[in-house]
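Just start-v2.pdb here, PDB, C-alpha atoms:
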ATOM      1  CA  MET W   1      56.392 101.135-125.708
ATOM      2  CA  TYR W   2      59.004  98.379-126.045
ATOM      3  CA  LYS W   3      60.005  98.773-122.375
ATOM      4  CA  LYS W   4      56.359  98.561-121.283
ATOM      5  CA  ALA W   5      55.957  95.294-123.225
ATOM      6  CA  LEU W   6      59.037  93.844-121.553
ATOM      7  CA  LEU W   7      57.767  94.844-118.135
ATOM      8  CA  LEU W   8      54.368  93.239-118.833
ATOM      9  CA  LEU W   9      56.058  90.060-120.054
ATOM     10  CA  PHE W  10      58.298  89.977-116.992
ATOM     11  CA  ALA W  11      55.301  90.402-114.679
ATOM     12  CA  THR W  12      53.449  87.499-116.368
ATOM     13  CA  LEU W  13      56.468  85.227-116.092
ATOM     14  CA  SER W  14      56.888  86.136-112.466
ATOM     15  CA  LEU W  15      53.236  85.323-111.798
ATOM     16  CA  ASN W  16      53.571  81.910-113.465
ATOM     17  CA  ALA W  17      56.790  81.236-111.636
ATOM     18  CA  ASN W  18      55.087  81.944-108.309
ATOM     19  CA  GLU W  19      52.180  79.606-109.047
ATOM     20  CA  MET W  20      52.435  76.175-107.460
ATOM     21  CA  LEU W  21      50.454  73.404-109.122
ATOM     22  CA  ILE W  22      49.521  70.336-107.075
ATOM     23  CA  LYS W  23      48.091  67.311-108.871
ATOM     24  CA  GLN W  24      46.193  64.817-106.739
ATOM     25  CA  ASP W  25      43.961  61.768-107.108
ATOM     26  CA  LEU W  26      40.802  61.773-105.015
ATOM     27  CA  SER W  27      38.372  59.025-104.102
ATOM     28  CA  ILE W  28      35.303  58.685-101.942
ATOM     29  CA  HIS W  29      33.047  55.724-101.328
ATOM     30  CA  THR W  30      29.685  54.814 -99.884
ATOM     31  CA  LYS W  31      27.613  51.699 -99.386
ATOM     32  CA  ILE W  32      24.126  51.189-100.750
ATOM     33  CA  SER W  33      21.733  48.375 -99.923
ATOM     34  CA  PRO W  34      19.206  46.831-102.349
ATOM     35  CA  THR W  35      15.679  47.931-101.516
ATOM     36  CA  THR W  36      13.586  46.538-104.374
ATOM     37  CA  TYR W  37      12.492  43.000-105.170
ATOM     38  CA  SER W  38      12.327  41.931-108.804
ATOM     39  CA  SER W  39      10.616  38.854-110.186
ATOM     40  CA  VAL W  40       9.324  37.535-113.507
ATOM     41  CA  ILE W  41       6.225  35.365-113.212
ATOM     42  CA  GLN W  42       5.856  32.982-116.142
ATOM     43  CA  ILE W  43       3.162  30.502-117.077
ATOM     44  CA  ILE W  44       4.090  27.711-119.478
ATOM     45  CA  GLY W  45       2.271  24.981-121.364
ATOM     46  CA  SER W  46       1.859  21.588-119.755
ATOM     47  CA  GLU W  47       2.809  18.239-121.263
ATOM     48  CA  LYS W  48      -0.847  17.734-122.128
ATOM     49  CA  LEU W  49      -0.768  20.872-124.280
ATOM     50  CA  HIS W  50       2.466  19.764-125.940
ATOM     51  CA  LYS W  51       0.822  16.502-126.941
ATOM     52  CA  ASP W  52      -2.500  17.933-128.112
ATOM     53  CA  LYS W  53      -1.885  18.182-131.841
ATOM     54  CA  ASN W  54      -5.443  19.238-132.619
ATOM     55  CA  LEU W  55      -6.156  21.795-129.922
ATOM     56  CA  SER W  56      -9.810  22.683-130.235
ATOM     57  CA  LEU W  57     -11.169  26.209-130.338
ATOM     58  CA  GLU W  58     -12.927  25.536-127.040
ATOM     59  CA  ASN W  59      -9.675  24.620-125.297
ATOM     60  CA  LYS W  60      -7.851  27.576-126.857
ATOM     61  CA  ASN W  61     -10.543  29.796-125.417
ATOM     62  CA  LYS W  62     -10.139  28.182-121.994
ATOM     63  CA  ILE W  63      -6.445  29.092-122.020
ATOM     64  CA  ILE W  64      -7.251  32.644-123.113
ATOM     65  CA  GLN W  65      -9.891  32.912-120.380
ATOM     66  CA  THR W  66      -7.327  31.880-117.761
ATOM     67  CA  TYR W  67      -4.921  34.567-118.927
ATOM     68  CA  ASN W  68      -7.683  37.155-119.146
ATOM     69  CA  SER W  69      -8.834  36.456-115.601
ATOM     70  CA  ILE W  70      -5.284  37.005-114.331
ATOM     71  CA  ASN W  71      -4.908  40.254-116.273
ATOM     72  CA  THR W  72      -8.275  41.476-115.002
ATOM     73  CA  PHE W  73      -7.199  40.734-111.427
ATOM     74  CA  LEU W  74      -3.963  42.670-111.977
ATOM     75  CA  LYS W  75      -5.562  45.576-113.810
ATOM     76  CA  ASN W  76      -5.324  48.009-110.896
ATOM     77  CA  ASN W  77      -2.199  46.502-109.332
ATOM     78  CA  SER W  78       0.953  48.604-109.441
ATOM     79  CA  ILE W  79       3.654  46.049-108.581
ATOM     80  CA  CYS W  80       3.216  43.712-111.578
ATOM     81  CA  LYS W  81       3.076  44.795-115.206
ATOM     82  CA  GLY W  82       2.858  42.969-118.494
ATOM     83  CA  GLY W  83       0.542  40.022-119.014
ATOM     84  CA  SER W  84       1.330  39.274-122.649
ATOM     85  CA  PHE W  85       0.762  35.694-123.809
ATOM     86  CA  ASP W  86       0.705  33.442-126.838
ATOM     87  CA  ILE W  87      -0.562  30.049-127.982
ATOM     88  CA  SER W  88       1.392  28.550-130.858
ATOM     89  CA  PRO W  89       2.146  25.183-132.497
ATOM     90  CA  PHE W  90       4.817  23.066-130.821
ATOM     91  CA  TYR W  91       7.294  21.375-133.156
ATOM     92  CA  GLU W  92       9.961  18.704-132.810
ATOM     93  CA  TYR W  93      12.536  17.516-135.337
ATOM     94  CA  GLN W  94      12.646  13.843-136.282
ATOM     95  CA  ASN W  95      14.924  12.581-139.035
ATOM     96  CA  ASN W  96      15.652  16.181-140.079
ATOM     97  CA  THR W  97      11.937  16.783-140.528
ATOM     98  CA  ARG W  98       9.979  19.300-138.490
ATOM     99  CA  GLU W  99       6.786  17.777-137.181
ATOM    100  CA  GLN W 100       4.064  19.377-135.111
ATOM    101  CA  LYS W 101       3.567  17.478-131.877
ATOM    102  CA  GLY W 102       1.069  19.771-130.207
ATOM    103  CA  PHE W 103       0.870  23.341-128.932
ATOM    104  CA  GLU W 104       2.779  25.507-126.505
ATOM    105  CA  SER W 105       1.850  28.605-124.579
ATOM    106  CA  SER W 106       3.600  31.235-122.480
ATOM    107  CA  TYR W 107       2.598  34.149-120.283
ATOM    108  CA  SER W 108       4.928  36.710-118.712
ATOM    109  CA  LEU W 109       4.571  39.237-115.915
ATOM    110  CA  ASN W 110       7.263  41.585-114.542
ATOM    111  CA  CYS W 111       7.008  42.528-110.870
ATOM    112  CA  GLU W 112       8.945  45.077-108.817
ATOM    113  CA  PHE W 113       8.058  45.888-105.220
ATOM    114  CA  LYS W 114       9.351  47.001-101.829
ATOM    115  CA  ASP W 115       9.292  45.137 -98.520
ATOM    116  CA  GLU W 116       5.885  46.463 -97.549
ATOM    117  CA  LYS W 117       4.363  44.984-100.738
ATOM    118  CA  SER W 118       5.799  41.472-100.344
ATOM    119  CA  GLN W 119       2.504  40.129 -99.054
ATOM    120  CA  ASP W 120       0.747  41.600-102.102
ATOM    121  CA  PHE W 121       3.164  39.687-104.316
ATOM    122  CA  ASN W 122       2.374  36.429-102.514
ATOM    123  CA  LYS W 123      -1.349  37.078-102.938
ATOM    124  CA  ILE W 124      -0.859  37.648-106.664
ATOM    125  CA  LEU W 125       1.140  34.453-106.981
ATOM    126  CA  ASP W 126      -1.485  32.513-105.043
ATOM    127  CA  PHE W 127      -4.269  33.860-107.279
ATOM    128  CA  ILE W 128      -2.366  32.903-110.419
ATOM    129  CA  GLN W 129      -1.682  29.439-109.041
ATOM    130  CA  LYS W 130      -5.390  28.866-108.438
ATOM    131  CA  GLN W 131      -6.271  29.982-111.974
ATOM    132  CA  VAL W 132      -3.597  27.771-113.517
ATOM    133  CA  ALA W 133      -4.526  24.772-111.343
ATOM    134  CA  SER W 134      -7.993  24.777-112.926
ATOM    135  CA  ASN W 135      -6.513  24.509-116.434
ATOM    136  CA  ASP W 136      -4.840  21.211-117.382
ATOM    137  CA  TYR W 137      -2.990  22.879-120.252
ATOM    138  CA  LEU W 138      -0.952  25.266-118.090
ATOM    139  CA  LEU W 139       1.757  25.147-115.417
ATOM    140  CA  LEU W 140       3.126  27.796-113.031
ATOM    141  CA  PRO W 141       6.844  27.453-112.129
ATOM    142  CA  ILE W 142       7.732  29.152-108.828
ATOM    143  CA  PRO W 143       9.552  32.335-109.926
ATOM    144  CA  ARG W 144      12.952  33.493-108.768
ATOM    145  CA  ILE W 145      12.955  36.666-106.666
ATOM    146  CA  THR W 146      16.001  38.920-106.636
ATOM    147  CA  LYS W 147      16.673  41.925-104.423
ATOM    148  CA  ILE W 148      18.090  44.708-106.565
ATOM    149  CA  ILE W 149      19.151  48.336-106.568
ATOM    150  CA  GLN W 150      17.064  50.355-108.988
ATOM    151  CA  LYS W 151      18.774  52.398-111.708
ATOM    152  CA  GLY W 152      17.267  55.632-110.379
ATOM    153  CA  ASP W 153      18.744  54.995-106.923
ATOM    154  CA  LEU W 154      22.182  54.379-108.447
ATOM    155  CA  GLU W 155      21.999  57.625-110.417
ATOM    156  CA  LYS W 156      21.146  59.574-107.261
ATOM    157  CA  ILE W 157      24.124  58.024-105.459
ATOM    158  CA  ASP W 158      26.397  58.932-108.398
ATOM    159  CA  ARG W 159      25.335  62.574-108.189
ATOM    160  CA  LYS W 160      25.883  62.628-104.425
ATOM    161  CA  LEU W 161      29.325  61.051-104.780
ATOM    162  CA  ASN W 162      30.398  63.612-107.376
ATOM    163  CA  GLN W 163      29.229  66.423-105.115
ATOM    164  CA  ALA W 164      31.090  64.822-102.204
ATOM    165  CA  LEU W 165      34.261  64.674-104.334
ATOM    166  CA  LEU W 166      33.943  68.380-105.116
ATOM    167  CA  ASP W 167      33.389  69.205-101.442
ATOM    168  CA  LYS W 168      36.436  67.114-100.517
ATOM    169  CA  ALA W 169      38.568  68.945-103.101
ATOM    170  CA  ASN W 170      37.467  72.318-101.705
ATOM    171  CA  THR W 171      38.371  71.209 -98.179
ATOM    172  CA  ILE W 172      41.802  70.058 -99.342
ATOM    173  CA  ALA W 173      42.353  73.403-101.105
ATOM    174  CA  GLN W 174      41.619  75.211 -97.817
ATOM    175  CA  ASP W 175      44.093  72.943 -95.974
ATOM    176  CA  TYR W 176      46.804  73.677 -98.543
ATOM    177  CA  SER W 177      46.121  77.382 -98.176
ATOM    178  CA  LYS W 178      46.739  77.205 -94.419
ATOM    179  CA  ASN W 179      49.784  74.937 -94.613
ATOM    180  CA  LEU W 180      51.511  76.774 -97.486
ATOM    181  CA  ASP W 181      50.424  80.273 -96.535
ATOM    182  CA  LYS W 182      49.141  80.733-100.081
ATOM    183  CA  ARG W 183      45.765  81.101-101.712
ATOM    184  CA  CYS W 184      45.003  77.648-103.110
ATOM    185  CA  THR W 185      42.067  76.990-105.415
ATOM    186  CA  ILE W 186      40.843  74.217-107.677
ATOM    187  CA  LYS W 187      42.241  74.873-111.133
ATOM    188  CA  GLU W 188      40.951  71.725-112.785
ATOM    189  CA  ILE W 189      38.967  68.696-111.631
ATOM    190  CA  SER W 190      37.590  65.619-113.366
ATOM    191  CA  LEU W 191      34.570  63.814-111.949
ATOM    192  CA  GLY W 192      32.421  60.855-112.899
ATOM    193  CA  LEU W 193      34.856  57.948-112.650
ATOM    194  CA  ILE W 194      32.465  55.860-110.569
ATOM    195  CA  SER W 195      32.698  52.112-110.095
ATOM    196  CA  GLU W 196      31.067  49.570-107.840
ATOM    197  CA  MET W 197      32.260  46.441-106.156
ATOM    198  CA  GLU W 198      30.870  43.278-107.704
ATOM    199  CA  ASN W 199      27.708  42.170-105.976
ATOM    200  CA  MET W 200      26.268  38.702-106.311
ATOM    201  CA  PRO W 201      22.452  38.939-106.082
ATOM    202  CA  LEU W 202      20.779  36.650-103.601
ATOM    203  CA  HIS W 203      17.735  34.643-104.608
ATOM    204  CA  SER W 204      14.870  33.285-102.552
ATOM    205  CA  THR W 205      14.442  29.562-102.210
ATOM    206  CA  ALA W 206      12.908  29.249 -98.750
ATOM    207  CA  ILE W 207       9.166  28.883 -98.248
ATOM    208  CA  LEU W 208       6.939  29.279 -95.204
ATOM    209  CA  ALA W 209       3.859  27.099 -94.962
ATOM    210  CA  LYS W 210       0.407  28.591 -94.706
ATOM    211  CA  SER W 211      -2.260  27.142 -92.509
ATOM    212  CA  ASP W 212      -4.573  26.963 -95.536
ATOM    213  CA  SER W 213      -3.558  23.849 -97.485
ATOM    214  CA  ASN W 214      -5.545  25.025-100.523
ATOM    215  CA  SER W 215      -3.312  28.058-101.028
ATOM    216  CA  LEU W 216       0.198  28.415-102.334
ATOM    217  CA  GLU W 217       2.744  28.752 -99.573
ATOM    218  CA  ASP W 218       4.168  32.220 -98.957
ATOM    219  CA  ILE W 219       7.613  32.856-100.415
ATOM    220  CA  VAL W 220      10.077  34.288 -97.943
ATOM    221  CA  MET W 221      11.760  37.320 -99.513
ATOM    222  CA  PRO W 222      15.539  37.074-100.075
ATOM    223  CA  THR W 223      18.057  39.275 -98.316
ATOM    224  CA  GLY W 224      20.272  41.678-100.251
ATOM    225  CA  LYS W 225      23.984  42.365-100.134
ATOM    226  CA  GLU W 226      25.415  45.864 -99.772
ATOM    227  CA  VAL W 227      27.147  47.341-102.783
ATOM    228  CA  GLU W 228      30.122  49.655-102.309
ATOM    229  CA  LYS W 229      30.272  52.479-104.827
ATOM    230  CA  ILE W 230      33.529  54.366-105.326
ATOM    231  CA  ALA W 231      33.907  57.731-107.056
ATOM    232  CA  ARG W 232      37.350  58.712-108.296
ATOM    233  CA  GLY W 233      38.558  62.019-109.631
ATOM    234  CA  LYS W 234      41.691  63.955-110.524
ATOM    235  CA  VAL W 235      42.258  67.498-109.346
ATOM    236  CA  ILE W 236      44.862  70.184-109.966
ATOM    237  CA  PHE W 237      45.233  72.821-107.234
ATOM    238  CA  SER W 238      46.692  76.210-107.991
ATOM    239  CA  CYS W 239      48.476  77.912-105.083
ATOM    240  CA  LYS W 240      49.709  81.500-105.397
TER     241      LYS W 240
END
In structure tokens, write the structure found in this file.
Amino acid sequence: MYKKALLLLFATLSLNANEMLIKQDLSIHTKISPTTYSSVIQIIGSEKLHKDKNLSLENKNKIIQTYNSINTFLKNNSICKGGSFDISPFYEYQNNTREQKGFESSYSLNCEFKDEKSQDFNKILDFIQKQVASNDYLLLPIPRITKIIQKGDLEKIDRKLNQALLDKANTIAQDYSKNLDKRCTIKEISLGLISEMENMPLHSTAILAKSDSNSLEDIVMPTGKEVEKIARGKVIFSCK
């Protein structure tokens, strides 16, 4: 029994001694381009509203009606969501005393869309501009438009990169098997160390004129910069 145990121990040690472990860092990269435009449309109170200390119920209702008409127009639109608004007193401090000077108002709308919907966005912006232009208490700043990569797209790329790392490790194991005349397999691998090169988003400032002078000019959509994503992993190959 004692001899059998020694033989078993000797066989295990021999097996470990014949195992070659190869530790290696792996990396793989890909480039992804932004495909989605993002913009926040905001309506703000005008100077007239800020100076109207006794805003009448009638004028409050006019502001609400403007917002309601915009929300009704956007009711079945899929690229812009939100439409919350408020009308509240506007205060300033003078001699450490807070004094109401008038009222303020804000309206916010979040828009996300692809290239093929850019004209829809311009139509929405033009409609809002016309509604705001008919209300002396409101102003529409031209919104910034940014071309972005959506979170869902990034997650898909991460999964593909991890799979590509695993495929690369398997290929390397096969190469080691041929070169060393041993059976090499992946003993241990770590995935998920994914980073991306810093990308400065580009914003739209250019405008193309329409032939209709009564409409807001079309905003030319900004271009986007490619982002390079890199997946890194560590792998231990076992060759016997």
Distance in Å - atom CA of Asn170 of chain W versus atom CA of Ala231 of chain W: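 Going from atom CA of Asn170 of chain W over to atom CA of Ala231 of chain W covers 15.9 Å.
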For atom CA of Leu74 of chain W and atom CA of Ala133 of chain W, the interatomic separation in Å (one decimal): 17.9 Å
Residues in the PyMOL selection byres ((chain W and resi 38-45) around 8), expressed as an NGL selection string: :W and (36-37 or 46-50 or 103-113 or 137-148)
Keeping C-alpha atoms for every residue in the selection just given, could you write it to a file as a compact mmCIF listing (two decimals), keeping the file's coordinate frame?
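Final file, result-v3.txt:
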# COMPACT_ATOMS: atom_id res chain seq x y z
CA THR W 36 13.59 46.54 -104.37
CA TYR W 37 12.49 43.00 -105.17
CA SER W 46 1.86 21.59 -119.76
CA GLU W 47 2.81 18.24 -121.26
CA LYS W 48 -0.85 17.73 -122.13
CA LEU W 49 -0.77 20.87 -124.28
CA HIS W 50 2.47 19.76 -125.94
CA PHE W 103 0.87 23.34 -128.93
CA GLU W 104 2.78 25.51 -126.50
CA SER W 105 1.85 28.60 -124.58
CA SER W 106 3.60 31.24 -122.48
CA TYR W 107 2.60 34.15 -120.28
CA SER W 108 4.93 36.71 -118.71
CA LEU W 109 4.57 39.24 -115.92
CA ASN W 110 7.26 41.58 -114.54
CA CYS W 111 7.01 42.53 -110.87
CA GLU W 112 8.94 45.08 -108.82
CA PHE W 113 8.06 45.89 -105.22
CA TYR W 137 -2.99 22.88 -120.25
CA LEU W 138 -0.95 25.27 -118.09
CA LEU W 139 1.76 25.15 -115.42
CA LEU W 140 3.13 27.80 -113.03
CA PRO W 141 6.84 27.45 -112.13
CA ILE W 142 7.73 29.15 -108.83
CA PRO W 143 9.55 32.34 -109.93
CA ARG W 144 12.95 33.49 -108.77
CA ILE W 145 12.96 36.67 -106.67
CA THR W 146 16.00 38.92 -106.64
CA LYS W 147 16.67 41.92 -104.42
CA ILE W 148 18.09 44.71 -106.56
Matched chain/residue IDs from the PyMOL selection byres ((chain W and resi 184) around 9), as a list in words: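 On the file shown, the PyMOL selection byres ((chain W and resi 184) around 9) covers Met20, Ala173, Gln174, Asp175, Tyr176, Ser177, Lys178, Leu180, Asp181, Lys182, Arg183, Thr185, Ile186, Lys187, Phe237, Ser238, Cys239 and Lys240 of chain W.
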Residue among W:Gln100, W:Lys114, W:Lys23, W:Asn135 lying closest to Asn59 of chain W, counting all atoms listed in the file: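 Between W:Gln100, W:Lys114, W:Lys23, W:Asn135, the residue approaching Asn59 of chain W most closely is W:Asn135.
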Nearest to Ile124 of chain W by atom-to-atom distance, counting only C-alpha atoms, from W:Asp25, W:Glu188, W:Asp218, W:Asp136: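 Among the listed residues, the smallest separation from Ile124 of chain W belongs to W:Asp218.
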Separation of atom CA of Leu191 of chain W from atom CA of Pro34 of chain W in Å: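 We find that atom CA of Pro34 of chain W and atom CA of Leu191 of chain W lie 24.8 Å from each other.
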